[in-house]
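Visitor: The structure that follows is given in the form of structure tokens.
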Amino acid sequence: MYQVGMYGGSFNPLHMGHVECILKAASMCRELYIVLSIGGNRGEIDGRIRYRWLYRLTKHVGNVTILTIGDDAATKEEYTREYWQKDADDIKRRIGKKIDVVFCGSDYGTDSFWNVCYPESEMFIFRRNGISSTEIRKNPYAHWDQLPKVVRPYYTKKVLLMGGESTGKSTLTIHLAQLFNAEYIDEAGRELSEKSGTDTMMIPEDYTEILLRHKLNETEALERGSKVLFIDTDALITRFFMDFLDGDDPRIEANRVLADAIDALNRYDLILFLEPDVEFFLEGGRSEEIRDNRIKYSERIKELLRTHGREFTCISGEYSERLEKAASEVKKLIGEE
């Protein structure tokens with residue numbers, strides 16, 4: 001058992017090879033310091049996100065402390081010995097005690113930062129299993145099993161399905177989730193809009209709850225970490241129905257502001273817009289006005305998307321065609337086509 005150990009890296013991203021090394025190192029020391037190296041000019045994943053990954057991985061371990069160091073080198077190759085000693089001295093000062101062992105992977109050479117700057121410490125080499133952060137960055141979806149659960153949400157692609165009433169959004173959302181073995185979230189407004197038995201009798205508080213609940217459902221679903229998260233409608237659809245059902249109610253304005261604020265926070269990797277060219281089923285409180293003017297209201301939703309800076313891909317045709325076209329777009333998104 002070592003007294004003080006250290007294990008460092010950029011963890012860009014953290015992968016299962018790192019996880020194995022960290023947990024083994026923690027079991028071999030009374031104190032383990034993990035040093036997260038953050039390159040401010042190298043286009044790396046935000047250092048705060050990587051710190052959070054390490055914290056969530058090790059928070060159950062009482063003997064682990066996470067430290068960060070930063071540099072402004074443009075590439076890893078430019079992170080040369082002029083940086084090395086300064087950073088090593090900083091680490092040693094902050095640890096404040098003799099570092100008995102430095103852990104590193106077998107991919108580091110004999111003249112690495114760790115060997116050169118910590119000659120007084122024993123080097124413990126973990127045999128690496130071939131996992132590479134570089135390869136994962138090229139295509140994380142091809143290496144999904146090598147991403148820890150805490151990392152996966154960072155790479156989850158978000159696919160939003162939009163369109164007017166009775167265009168098959170909800171069914172297609174579930175079909176796609178099943179096809180890609182992925183997560184999905186239902187339209188929050190479907191249930192919440194019927195608190196009064198009909199959406200025509202909604203009150204402003206209902207819109208507030210729909211907007212907040214839908215965003216919370218998305219946040220929770222992301223934590224489950226599937227490759228793709230399929231989302232049935234979003235804040236702009238709620239905004240559309242506010243205008244359609246209660247456009248003259250002055251109390252709705254605050255909800256319009258909320259809808260726009262949530263939309264500004266939302267980020268989607270793909271938006272699929274379903275055209276109104278399938279049969280309209282007048283059920284579940286759907287609007288006869290929308291049924292009789294489908295093109296008009298579909299274009300109105302598109303205009304909302306455009307004015308909010310959203311690009312989208314239109315999906316039309318019979319249900320089987322829609323599934324095939326949508327699946328093709330998702331495969332392109334995750335590099336499977």
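In the structure tokens, the first chain shown is A, the next is B, and so on; residue numbers restart at 1 for each chain, and ligands run from 1 in the order shown.
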Report as JSON lines the residues of stretch 143-224 of chain A within 8 Å of stretch 255-266 of chain A, each with its shortest atom pair and distance in Å (one decimal), using only C-alpha atoms, ordered by chain and increasing residue number.
Guide:
{"residue": "A:Pro204", "atom": "CA", "partner": "A:Asn255", "partner_atom": "CA", "distance": 7.4}
{"residue": "A:Tyr207", "atom": "CA", "partner": "A:Asn255", "partner_atom": "CA", "distance": 6.7}
{"residue": "A:Thr208", "atom": "CA", "partner": "A:Asn255", "partner_atom": "CA", "distance": 6.1}
{"residue": "A:Leu211", "atom": "CA", "partner": "A:Ala259", "partner_atom": "CA", "distance": 6.6}
{"residue": "A:Lys215", "atom": "CA", "partner": "A:Ile262", "partner_atom": "CA", "distance": 7.7}
Visitor: Might you pull out every residue within 10 Å of A:Leu305, with only C-alpha atoms counted and same-chain residues fewer than 4 positions away left off, and present them as a PyMOL selection string?
Guide: chain A and resi 162+236-237+263+271+273+299-301+309-312
Visitor: Generate the output file for the selected residues, C-alpha atoms, as a PDB file, in the first residue's frame.
Guide:
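The resulting selection14.pdb:
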ATOM      1  CA  MET A 162     -42.140  18.249 -35.056  1.00  0.00           C
ATOM      2  CA  LEU A 236     -42.244  25.859 -29.894  1.00  0.00           C
ATOM      3  CA  ILE A 237     -45.188  23.515 -30.384  1.00  0.00           C
ATOM      4  CA  ASP A 263     -36.136  27.233 -26.866  1.00  0.00           C
ATOM      5  CA  ILE A 271     -35.131  18.122 -36.404  1.00  0.00           C
ATOM      6  CA  PHE A 273     -40.676  17.854 -39.553  1.00  0.00           C
ATOM      7  CA  GLU A 299     -46.678  26.258 -42.396  1.00  0.00           C
ATOM      8  CA  ARG A 300     -47.261  28.346 -39.306  1.00  0.00           C
ATOM      9  CA  ILE A 301     -45.241  25.871 -37.213  1.00  0.00           C
ATOM     10  CA  GLY A 309     -33.271  29.859 -36.159  1.00  0.00           C
ATOM     11  CA  ARG A 310     -34.108  26.163 -36.476  1.00  0.00           C
ATOM     12  CA  GLU A 311     -33.159  24.116 -39.515  1.00  0.00           C
ATOM     13  CA  PHE A 312     -35.234  21.031 -40.180  1.00  0.00           C
TER      14      PHE A 312
END
Visitor: Which residues come within 9 Å of stretch 136-148 of chain A, counting only C-alpha atoms, excluding same-chain residues fewer than 6 positions away, as a PyMOL selection string?
Guide: chain A and resi 12-17+19+53+57+155+227+334-336
Visitor: Store the residues of this selection in a file with N, CA and C atoms, as a compact mmCIF listing (two decimals), in the first residue's frame.
Guide:
# COMPACT_ATOMS: atom_id res chain seq x y z
N ASN A 12 -9.98 13.14 -22.33
CA ASN A 12 -10.69 13.89 -23.38
C ASN A 12 -11.12 12.96 -24.53
N PRO A 13 -12.09 12.06 -24.30
CA PRO A 13 -12.92 11.93 -23.10
C PRO A 13 -12.41 10.86 -22.14
N LEU A 14 -12.99 10.83 -20.96
CA LEU A 14 -12.80 9.73 -20.02
C LEU A 14 -13.37 8.46 -20.65
N HIS A 15 -12.61 7.36 -20.58
CA HIS A 15 -13.11 6.10 -21.12
C HIS A 15 -12.87 4.96 -20.14
N MET A 16 -13.32 3.76 -20.50
CA MET A 16 -13.27 2.64 -19.56
C MET A 16 -11.84 2.23 -19.22
N GLY A 17 -10.89 2.50 -20.11
CA GLY A 17 -9.49 2.24 -19.77
C GLY A 17 -9.04 3.12 -18.61
N VAL A 19 -11.06 4.42 -16.39
CA VAL A 19 -11.82 3.99 -15.21
C VAL A 19 -11.10 2.86 -14.50
N TRP A 53 -17.07 14.48 -14.72
CA TRP A 53 -16.98 13.04 -14.97
C TRP A 53 -16.12 12.36 -13.91
N LEU A 57 -17.36 9.72 -11.02
CA LEU A 57 -16.76 8.39 -11.01
C LEU A 57 -16.18 8.03 -9.66
N TYR A 155 -22.40 12.79 -25.38
CA TYR A 155 -22.39 12.44 -26.79
C TYR A 155 -23.78 12.09 -27.34
N LYS A 227 -27.41 6.38 -27.23
CA LYS A 227 -26.77 7.08 -28.34
C LYS A 227 -27.62 8.21 -28.87
N ILE A 334 -25.39 9.47 -36.77
CA ILE A 334 -24.49 8.74 -35.86
C ILE A 334 -23.46 7.91 -36.61
N GLY A 335 -23.34 8.17 -37.92
CA GLY A 335 -22.27 7.54 -38.69
C GLY A 335 -22.48 6.09 -38.99
N GLU A 336 -23.72 5.65 -39.09
CA GLU A 336 -24.00 4.25 -39.38
C GLU A 336 -24.39 4.04 -40.84
Visitor: Could you pull out all residues of stretch 237-312 of chain A with a DSSP call of helix (DSSP H, G or I) and give them as a PyMOL selection string?
Guide: chain A and resi 237-246+250-265+288-292+294-307
Visitor: Go ahead and write the selection's residues with C-alpha atoms as a PDB file, in the first residue's frame.
Guide:
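For reference, out-v7.pdb as written:
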ATOM      1  CA  ILE A 237     -45.188  23.515 -30.384  1.00  0.00           C
ATOM      2  CA  THR A 238     -46.474  24.624 -26.974  1.00  0.00           C
ATOM      3  CA  ARG A 239     -46.022  28.207 -28.102  1.00  0.00           C
ATOM      4  CA  PHE A 240     -47.978  27.459 -31.271  1.00  0.00           C
ATOM      5  CA  PHE A 241     -50.920  26.093 -29.280  1.00  0.00           C
ATOM      6  CA  MET A 242     -50.818  29.051 -26.894  1.00  0.00           C
ATOM      7  CA  ASP A 243     -51.322  31.336 -29.884  1.00  0.00           C
ATOM      8  CA  PHE A 244     -53.904  29.035 -31.477  1.00  0.00           C
ATOM      9  CA  LEU A 245     -56.040  28.492 -28.366  1.00  0.00           C
ATOM     10  CA  ASP A 246     -55.460  31.592 -26.239  1.00  0.00           C
ATOM     11  CA  PRO A 250     -52.919  38.838 -21.956  1.00  0.00           C
ATOM     12  CA  ARG A 251     -51.852  36.366 -19.260  1.00  0.00           C
ATOM     13  CA  ILE A 252     -50.285  34.148 -21.936  1.00  0.00           C
ATOM     14  CA  GLU A 253     -47.473  36.607 -22.701  1.00  0.00           C
ATOM     15  CA  ALA A 254     -45.322  35.435 -19.782  1.00  0.00           C
ATOM     16  CA  ASN A 255     -45.576  31.870 -21.101  1.00  0.00           C
ATOM     17  CA  ARG A 256     -44.522  33.037 -24.555  1.00  0.00           C
ATOM     18  CA  VAL A 257     -41.418  34.524 -22.945  1.00  0.00           C
ATOM     19  CA  LEU A 258     -40.821  31.256 -21.073  1.00  0.00           C
ATOM     20  CA  ALA A 259     -41.264  29.211 -24.258  1.00  0.00           C
ATOM     21  CA  ASP A 260     -38.733  31.390 -26.090  1.00  0.00           C
ATOM     22  CA  ALA A 261     -36.287  31.164 -23.172  1.00  0.00           C
ATOM     23  CA  ILE A 262     -36.498  27.367 -23.092  1.00  0.00           C
ATOM     24  CA  ASP A 263     -36.136  27.233 -26.866  1.00  0.00           C
ATOM     25  CA  ALA A 264     -32.969  29.340 -26.590  1.00  0.00           C
ATOM     26  CA  LEU A 265     -31.546  26.741 -24.198  1.00  0.00           C
ATOM     27  CA  GLU A 288     -61.466  20.443 -36.396  1.00  0.00           C
ATOM     28  CA  GLU A 289     -60.068  23.846 -37.354  1.00  0.00           C
ATOM     29  CA  ILE A 290     -56.583  22.358 -37.754  1.00  0.00           C
ATOM     30  CA  ARG A 291     -58.033  19.340 -39.581  1.00  0.00           C
ATOM     31  CA  ASP A 292     -59.717  21.611 -42.107  1.00  0.00           C
ATOM     32  CA  ARG A 294     -53.717  21.461 -42.162  1.00  0.00           C
ATOM     33  CA  ILE A 295     -51.367  23.102 -44.634  1.00  0.00           C
ATOM     34  CA  LYS A 296     -51.971  26.554 -43.157  1.00  0.00           C
ATOM     35  CA  TYR A 297     -51.127  25.499 -39.597  1.00  0.00           C
ATOM     36  CA  SER A 298     -48.249  23.267 -40.657  1.00  0.00           C
ATOM     37  CA  GLU A 299     -46.678  26.258 -42.396  1.00  0.00           C
ATOM     38  CA  ARG A 300     -47.261  28.346 -39.306  1.00  0.00           C
ATOM     39  CA  ILE A 301     -45.241  25.871 -37.213  1.00  0.00           C
ATOM     40  CA  LYS A 302     -42.488  25.879 -39.843  1.00  0.00           C
ATOM     41  CA  GLU A 303     -42.395  29.667 -39.673  1.00  0.00           C
ATOM     42  CA  LEU A 304     -41.996  29.472 -35.889  1.00  0.00           C
ATOM     43  CA  LEU A 305     -39.031  27.156 -36.397  1.00  0.00           C
ATOM     44  CA  ARG A 306     -37.476  29.468 -38.967  1.00  0.00           C
ATOM     45  CA  THR A 307     -37.914  32.627 -36.902  1.00  0.00           C
TER      46      THR A 307
END
Visitor: A:Cys314, A:Ala26, A:Tyr7, A:Tyr118: which is nearest A:Thr68, counting only C-alpha atoms?
Guide: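 Selected residue with least distance to A:Thr68: A:Tyr7.
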Visitor: Have a look at A:Ile185, A:Val61, A:Leu32, A:Leu23 and name the one nearest to A:Leu172; count only C-alpha atoms.
Guide: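 Residue with the minimum atom-to-atom distance to A:Leu172: A:Ile185.
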Visitor: Taking 5 positions as the minimum chain separation for residues in the same chain, which residues sit within 8 Å of A:Arg128 when counting only C-alpha atoms? Answer as a list in words.
Guide: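 Once the nearby chain positions are removed, what remains is Gly17, Gly105, Ser106 and Asp107 of chain A.
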Visitor: Restrict the selected residues to N, CA and C atoms and save them as a PDB file, in the first residue's frame.
Guide:
ATOM      1  N   GLY A  17     -10.888   2.501 -20.110  1.00  0.00           N
ATOM      2  CA  GLY A  17      -9.493   2.244 -19.768  1.00  0.00           C
ATOM      3  C   GLY A  17      -9.042   3.122 -18.614  1.00  0.00           C
ATOM      4  N   GLY A 105      -0.403   4.896 -18.024  1.00  0.00           N
ATOM      5  CA  GLY A 105      -0.654   3.789 -18.932  1.00  0.00           C
ATOM      6  C   GLY A 105       0.566   3.426 -19.737  1.00  0.00           C
ATOM      7  N   SER A 106       0.533   2.233 -20.299  1.00  0.00           N
ATOM      8  CA  SER A 106       1.683   1.734 -21.052  1.00  0.00           C
ATOM      9  C   SER A 106       1.868   2.442 -22.383  1.00  0.00           C
ATOM     10  N   ASP A 107       0.938   3.349 -22.746  1.00  0.00           N
ATOM     11  CA  ASP A 107       1.096   4.094 -23.984  1.00  0.00           C
ATOM     12  C   ASP A 107       2.067   5.261 -23.831  1.00  0.00           C
TER      13      ASP A 107
END
Visitor: I'd like the neighbourhood of A:Thr171 as a PyMOL selection string, where a residue qualifies if any of its atoms comes within 10 Å (using only C-alpha atoms), though same-chain residues fewer than 6 positions away should be ignored.
Guide: chain A and resi 186+232+319+323
Visitor: Would you save the residues of that selection, restricted to N, CA and C atoms, as a tab-separated table (two decimals), in the first residue's frame?
Guide:
chain	number	residue	atom	x	y	z
A	186	ASP	N	-42.10	11.44	-24.33
A	186	ASP	CA	-43.41	11.78	-24.88
A	186	ASP	C	-43.63	13.29	-24.85
A	232	ASP	N	-40.48	14.01	-28.69
A	232	ASP	CA	-41.76	14.27	-29.33
A	232	ASP	C	-42.21	15.70	-29.01
A	319	TYR	N	-46.71	6.03	-43.94
A	319	TYR	CA	-46.04	5.79	-42.67
A	319	TYR	C	-44.76	4.96	-42.84
A	323	LEU	N	-40.91	6.22	-41.79
A	323	LEU	CA	-39.99	5.50	-40.91
A	323	LEU	C	-38.65	5.27	-41.61
Visitor: Counting only C-alpha atoms, what is within 12 Å of A:Arg50, bar same-chain residues fewer than 5 positions away, as a ChimeraX atom specification?
Guide: /A:9-15,34-39,44-45,55-57,66-68,150-151,154
Visitor: How about saving the chosen residues, C-alpha atoms kept, as a PDB file, in the first residue's frame?
Guide:
ATOM      1  CA  GLY A   9      -4.340  12.815 -17.995  1.00  0.00           C
ATOM      2  CA  SER A  10      -6.561  14.976 -20.151  1.00  0.00           C
ATOM      3  CA  PHE A  11      -9.457  12.467 -20.074  1.00  0.00           C
ATOM      4  CA  ASN A  12     -10.692  13.886 -23.379  1.00  0.00           C
ATOM      5  CA  PRO A  13     -12.918  11.929 -23.097  1.00  0.00           C
ATOM      6  CA  LEU A  14     -12.800   9.732 -20.019  1.00  0.00           C
ATOM      7  CA  HIS A  15     -13.114   6.097 -21.120  1.00  0.00           C
ATOM      8  CA  ILE A  34      -6.043  12.684 -10.029  1.00  0.00           C
ATOM      9  CA  VAL A  35      -4.574  15.481 -12.132  1.00  0.00           C
ATOM     10  CA  LEU A  36      -6.787  16.733 -14.932  1.00  0.00           C
ATOM     11  CA  SER A  37      -4.807  18.527 -17.639  1.00  0.00           C
ATOM     12  CA  ILE A  38      -6.810  21.206 -19.465  1.00  0.00           C
ATOM     13  CA  GLY A  39      -5.532  22.658 -22.722  1.00  0.00           C
ATOM     14  CA  GLU A  44     -10.896  20.035 -25.901  1.00  0.00           C
ATOM     15  CA  ILE A  45     -14.114  19.128 -24.133  1.00  0.00           C
ATOM     16  CA  TYR A  55     -15.928  13.529  -9.627  1.00  0.00           C
ATOM     17  CA  ARG A  56     -18.967  11.391 -10.355  1.00  0.00           C
ATOM     18  CA  LEU A  57     -16.757   8.386 -11.010  1.00  0.00           C
ATOM     19  CA  ILE A  66      -9.002  15.870  -8.129  1.00  0.00           C
ATOM     20  CA  LEU A  67      -6.597  18.650  -9.147  1.00  0.00           C
ATOM     21  CA  THR A  68      -6.533  20.632 -12.387  1.00  0.00           C
ATOM     22  CA  VAL A 150     -21.265   9.396 -16.756  1.00  0.00           C
ATOM     23  CA  VAL A 151     -19.791  10.316 -20.161  1.00  0.00           C
ATOM     24  CA  TYR A 154     -22.312  14.307 -23.475  1.00  0.00           C
TER      25      TYR A 154
END
